[in-house]
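Novice: Just passing along the structure, written as structure tokens.
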Amino acid sequence: MPCGKVAALLLVRGLHRQDEYAVRTALGVRRLALFRQVTIESLLLALIGSALGVGLALGIVRMFKLIAGPAIPRLDAVTTVWPVLVSGLAVALLGAAVAGLLPALRASRLDAMSVIKSAGPKSSAGRGERRLLRAVTVGQTALTLALLMGAGLLLRTTSNLAQVDSGYNTGQILNMTVTAVQGDWNAFHARALEQVAAIPGVEGAAFAWGVPLTGNNWPGIFEFEGQPPVARPTDAAALPVRSVTPGYFNILRMPITEGRDFRDSDKRDSPSVAIVNRALAERYFPGTSPIGKKLWRFGGRQQPPTEIIGVVANSRTGDLTKPPEPEIYMSLWQASAFSKDLVVRTTAEPRIVMADVQRALRGVDATVAVENMKTLDQVRADSVATRTFATQLLVGFAIVASILTLVGVYGVLSLSVASRRREIAVRGAIGAQGHHIRKLVFSDAFRLIAGGVVAGVIVAIVLSRALATFLFGVESTDPATLISVGMLFAVVALLACWMPTHRAAQIVPIEALRSE
């Protein structure tokens with residue numbers, strides 16, 4: 001894409017230097033030398049651009065590290081190495097050679113006498129050259145619209161994810177992984193909850209294995225009362241299991257719609273209890289209350305049953321883009337975990353109490369490991385980090401491509417005006433007004449942009465399917481996004497055509513014809 005833009009700009013630049021080339025040829029400069037001069041100029045431009053590109057590449061790598069965050073594993077190890085820079089330089093030089101080939105060939109084939117006689121540039125671009133540049137511009141417009149379409153779809157996905165109802169509240173909650181490796185497990189966790197809850201500014205605290213959007217849960221195999229026994233263990237329901245302490249649902253503002261919450265008395269030596277979500281209740285206990293019903297886990301109905309004591313509202317705990325699925329919550333005092341999360345709801349900014357919470361935990365056990373301390377809002381942002389990064393990346397590419405395409409449209413239209421200078425002068429001499437000239441040039445621009453937009457819509461529809469896995473709440477061929485992006489680009493592109501159109505209307509017929 002940049003090579004096409006450079007070729008167009010170099011060709012337009014060459015049109016304005018025809019007098020210089022003609023004089024050099026008349027003074028004895030050989031065509032090969034003139035070809036070499038124009039080619040060297042193109043290569044020098046490539047070297048300067050490559051030097052700027054190296055600095056830009058270093059900056060972009062740093063920017064990617066800042067915006068990507070957890071979206072790309074081991075991103076901190078990514079660096080800009082010399083082999084990559086050398087390869088980029090080689091590609092830039094090759095692109096410059098290709099981009100400068102057309103202007104160099106034009107300069108070497110220039111008819112010096114005709115240019116000197118005309119005392120200025122006249123119909124200096126052939127029809128084939130103009131068609132080539134128009135085709136390149138249409139192709140670039142199509143690819144740019146595909147990028148803009150993808151960026152628009154991902155922006156709508158980001159907006160949809162921000163508005164999705166997760167079923168829990170992530171505001172003012174601090175989350176961290178806590179691992180205790182010494183002493184009495186139950187005693188540490190009970191004392192830790194007491195100490196953290198006593199910190200000023202803390203509303204409540206709970207331990208949990210399976211905090212939303214962290215990717216943690218146990219895969220459990222279950223049978224349910226009222227359902228026929230399974231013939232094989234593989235026929236049993238495979239459901240995610242989460243383990244929490246009392247007060248967890250209140251901290252996340254997940255309402256218990258039936259039954260009760262866990263209690264401190266639900267210990268390991270007490271009857272096993274569980275809380276299920278509404279999705280599970282509707283699937284396995286349709287038309288009846290699941291409270292008091294039994295379920296069996298792991299070993300089947302030969303094992304002691306677990307009683308369902310409550311039903312919690314549905315929530316998107318695993319993935320914000322997926323609807324709520326059946327889930328089972330166990331009491332952490334009965335289903336303990338070696339490593340688990342501590343969730344702390346605060347009355348103000350959660351980061352304020354970070355140091356106090358760590359101090360309280362280490363006051364209970366100096367060997368406790370406290371890791372991954374962040375707010376639950378950050379956890380939610382991390383869960384969609386891949387989509388966010390893809391959006392930012394595609395938007396950045398789309399902006400750069402749009403700028404390059406608009407420059408290309410401007411260059412091709414300028415070339416068209418320069419090539420039709422005599423025609424425009426004749427039209428003005430026989431009575432054509434300025435608005436007639438502007439309409440003539442503007443119609444060329446409109447056809448050029450319309451062709452690019454039509455081709456771009458087709459390319460966007462084909463390529464946007466590759467983004468299907470990143471989208472949420474919007475189809476890859478969403479007509480609203482397609483139409484809005486196409487119209488917006490067309491309007492901006494037409495605005496970019498104002499200067500060549502205005503310049504065409506300012507051509508003085510007498511001066512233009514005198515040069516002929």
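As shown in the structure tokens, the chain order sets the letters A, B, ...; within each chain, residues go from 1, and ligands are also counted from 1 in the order they appear.
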Within 7 Å of segment 494-497 of chain A, counting only C-alpha atoms, which residues show up once you throw out same-chain ones fewer than 4 positions away? Write them as a PyMOL selection string, please.

Specialist: chain A and resi 406+410+445+490+501

Novice: Tell me which protein, DNA and RNA residues are within 10 Å of Trp218 of chain A, counting only C-alpha atoms, leaving out same-chain ones fewer than 6 positions away, and put them as a ChimeraX atom specification.

Specialist: /A:209-210,238-243,328

Novice: Convert the current residue selection to file output with all heavy atoms, as a short mmCIF file (atom, residue, chain, number, x, y, z; two decimals), in the first residue's frame.

Specialist:
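What landed in again.cif:
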data_model
loop_
_atom_site.label_atom_id
_atom_site.label_comp_id
_atom_site.auth_asym_id
_atom_site.auth_seq_id
_atom_site.Cartn_x
_atom_site.Cartn_y
_atom_site.Cartn_z
N TRP A 209 -12.57 -19.99 45.66
CA TRP A 209 -11.90 -20.62 44.53
C TRP A 209 -12.89 -20.58 43.37
O TRP A 209 -13.92 -21.24 43.39
CB TRP A 209 -11.51 -22.05 44.85
CG TRP A 209 -11.05 -22.80 43.62
CD1 TRP A 209 -11.73 -23.74 42.91
CD2 TRP A 209 -9.79 -22.64 42.96
NE1 TRP A 209 -11.00 -24.18 41.85
CE2 TRP A 209 -9.78 -23.52 41.85
CE3 TRP A 209 -8.67 -21.85 43.19
CZ2 TRP A 209 -8.72 -23.63 40.98
CZ3 TRP A 209 -7.60 -21.95 42.32
CH2 TRP A 209 -7.63 -22.84 41.23
N GLY A 210 -12.57 -19.75 42.37
CA GLY A 210 -13.49 -19.61 41.25
C GLY A 210 -14.07 -18.22 41.15
O GLY A 210 -15.24 -18.06 40.76
N ALA A 238 -21.25 -32.93 33.68
CA ALA A 238 -19.97 -32.29 33.98
C ALA A 238 -20.22 -30.80 34.14
O ALA A 238 -20.56 -30.11 33.17
CB ALA A 238 -18.96 -32.56 32.88
N LEU A 239 -20.05 -30.29 35.35
CA LEU A 239 -20.38 -28.90 35.66
C LEU A 239 -19.23 -28.24 36.42
O LEU A 239 -18.49 -28.91 37.16
CB LEU A 239 -21.65 -28.83 36.52
CG LEU A 239 -22.92 -29.44 35.90
CD1 LEU A 239 -24.04 -29.46 36.93
CD2 LEU A 239 -23.34 -28.67 34.67
N PRO A 240 -19.07 -26.92 36.25
CA PRO A 240 -18.04 -26.22 37.01
C PRO A 240 -18.44 -26.05 38.47
O PRO A 240 -19.60 -25.78 38.79
CB PRO A 240 -17.96 -24.85 36.30
CG PRO A 240 -19.30 -24.68 35.67
CD PRO A 240 -19.77 -26.04 35.30
N VAL A 241 -17.47 -26.25 39.35
CA VAL A 241 -17.70 -26.13 40.79
C VAL A 241 -16.86 -24.98 41.33
O VAL A 241 -15.67 -24.87 41.00
CB VAL A 241 -17.32 -27.44 41.52
CG1 VAL A 241 -17.63 -27.33 43.01
CG2 VAL A 241 -18.08 -28.62 40.92
N ARG A 242 -17.47 -24.15 42.15
CA ARG A 242 -16.77 -23.06 42.80
C ARG A 242 -16.95 -23.21 44.30
O ARG A 242 -17.98 -23.70 44.77
CB ARG A 242 -17.30 -21.70 42.32
CG ARG A 242 -17.21 -21.57 40.81
CD ARG A 242 -17.80 -20.28 40.28
NE ARG A 242 -17.90 -20.32 38.83
CZ ARG A 242 -16.92 -20.04 37.99
NH1 ARG A 242 -15.75 -19.66 38.48
NH2 ARG A 242 -17.08 -20.14 36.69
N SER A 243 -15.94 -22.78 45.05
CA SER A 243 -15.95 -22.96 46.50
C SER A 243 -15.74 -21.61 47.17
O SER A 243 -14.77 -20.90 46.86
CB SER A 243 -14.83 -23.93 46.90
OG SER A 243 -14.85 -24.18 48.29
N ILE A 328 -22.30 -24.84 40.35
CA ILE A 328 -22.51 -25.32 41.72
C ILE A 328 -21.47 -24.66 42.62
O ILE A 328 -20.28 -24.60 42.28
CB ILE A 328 -22.38 -26.85 41.80
CG1 ILE A 328 -23.46 -27.50 40.95
CG2 ILE A 328 -22.46 -27.33 43.24
CD1 ILE A 328 -23.35 -29.01 40.89
#

Novice: Which one is closest to Phe224 of chain A: A:Thr170, A:Asn277, A:Thr179, A:Arg301? Count only C-alpha atoms.

Specialist: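 Checking each candidate against Phe224 of chain A, we get A:Arg301 as the closest.
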
Novice: Find the residues around Pro323 of chain A up to 10 Å (only C-alpha atoms counted), leave out those fewer than 3 positions away in its own chain, and share them as a PyMOL selection string.

Specialist: chain A and resi 166+279+314-320

Novice: Take the residues from that selection and put them in a file with N, CA and C atoms, as a short mmCIF file (atom, residue, chain, number, x, y, z; two decimals), in the first residue's frame.

Specialist:
data_model
loop_
_atom_site.label_atom_id
_atom_site.label_comp_id
_atom_site.auth_asym_id
_atom_site.auth_seq_id
_atom_site.Cartn_x
_atom_site.Cartn_y
_atom_site.Cartn_z
N SER A 166 -23.25 -8.60 33.81
CA SER A 166 -22.52 -9.80 34.21
C SER A 166 -23.23 -10.58 35.31
N ALA A 279 -29.74 -21.17 36.50
CA ALA A 279 -29.66 -21.96 35.28
C ALA A 279 -29.66 -23.45 35.59
N ASN A 314 -28.34 -15.98 38.18
CA ASN A 314 -27.37 -16.30 37.12
C ASN A 314 -26.34 -15.18 36.96
N SER A 315 -25.15 -15.59 36.54
CA SER A 315 -24.09 -14.61 36.27
C SER A 315 -23.14 -15.19 35.22
N ARG A 316 -22.45 -14.29 34.54
CA ARG A 316 -21.46 -14.71 33.52
C ARG A 316 -20.10 -14.78 34.20
N THR A 317 -19.85 -15.86 34.89
CA THR A 317 -18.63 -15.98 35.69
C THR A 317 -17.43 -16.47 34.88
N GLY A 318 -17.68 -17.23 33.83
CA GLY A 318 -16.58 -17.77 33.05
C GLY A 318 -16.14 -16.87 31.91
N ASP A 319 -17.10 -16.30 31.18
CA ASP A 319 -16.80 -15.51 30.00
C ASP A 319 -17.95 -14.53 29.79
N LEU A 320 -17.62 -13.25 29.66
CA LEU A 320 -18.67 -12.24 29.49
C LEU A 320 -19.43 -12.43 28.19
#

Novice: Residues near Thr477 of chain A, anyone? I mean within 10 Å using only C-alpha atoms, not counting same-chain ones fewer than 6 positions away, as an MDAnalysis selection string.

Specialist: chainID A and resid 149:150 153 457 460:465 468

Novice: Pick out the closest residue to Lys340 of chain A from this set: A:Leu376, A:Leu488, A:Val23, A:Ala180. Count only C-alpha atoms.

Specialist: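 Of all the options, A:Ala180 lies closest to Lys340 of chain A.
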
Novice: Kindly indicate which residue among A:Arg156, A:Lys293, A:Phe188, A:Gly204 lies nearest to Glu223 of chain A, using only C-alpha atoms for the distances.

Specialist: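 Nearest to Glu223 of chain A: A:Lys293.
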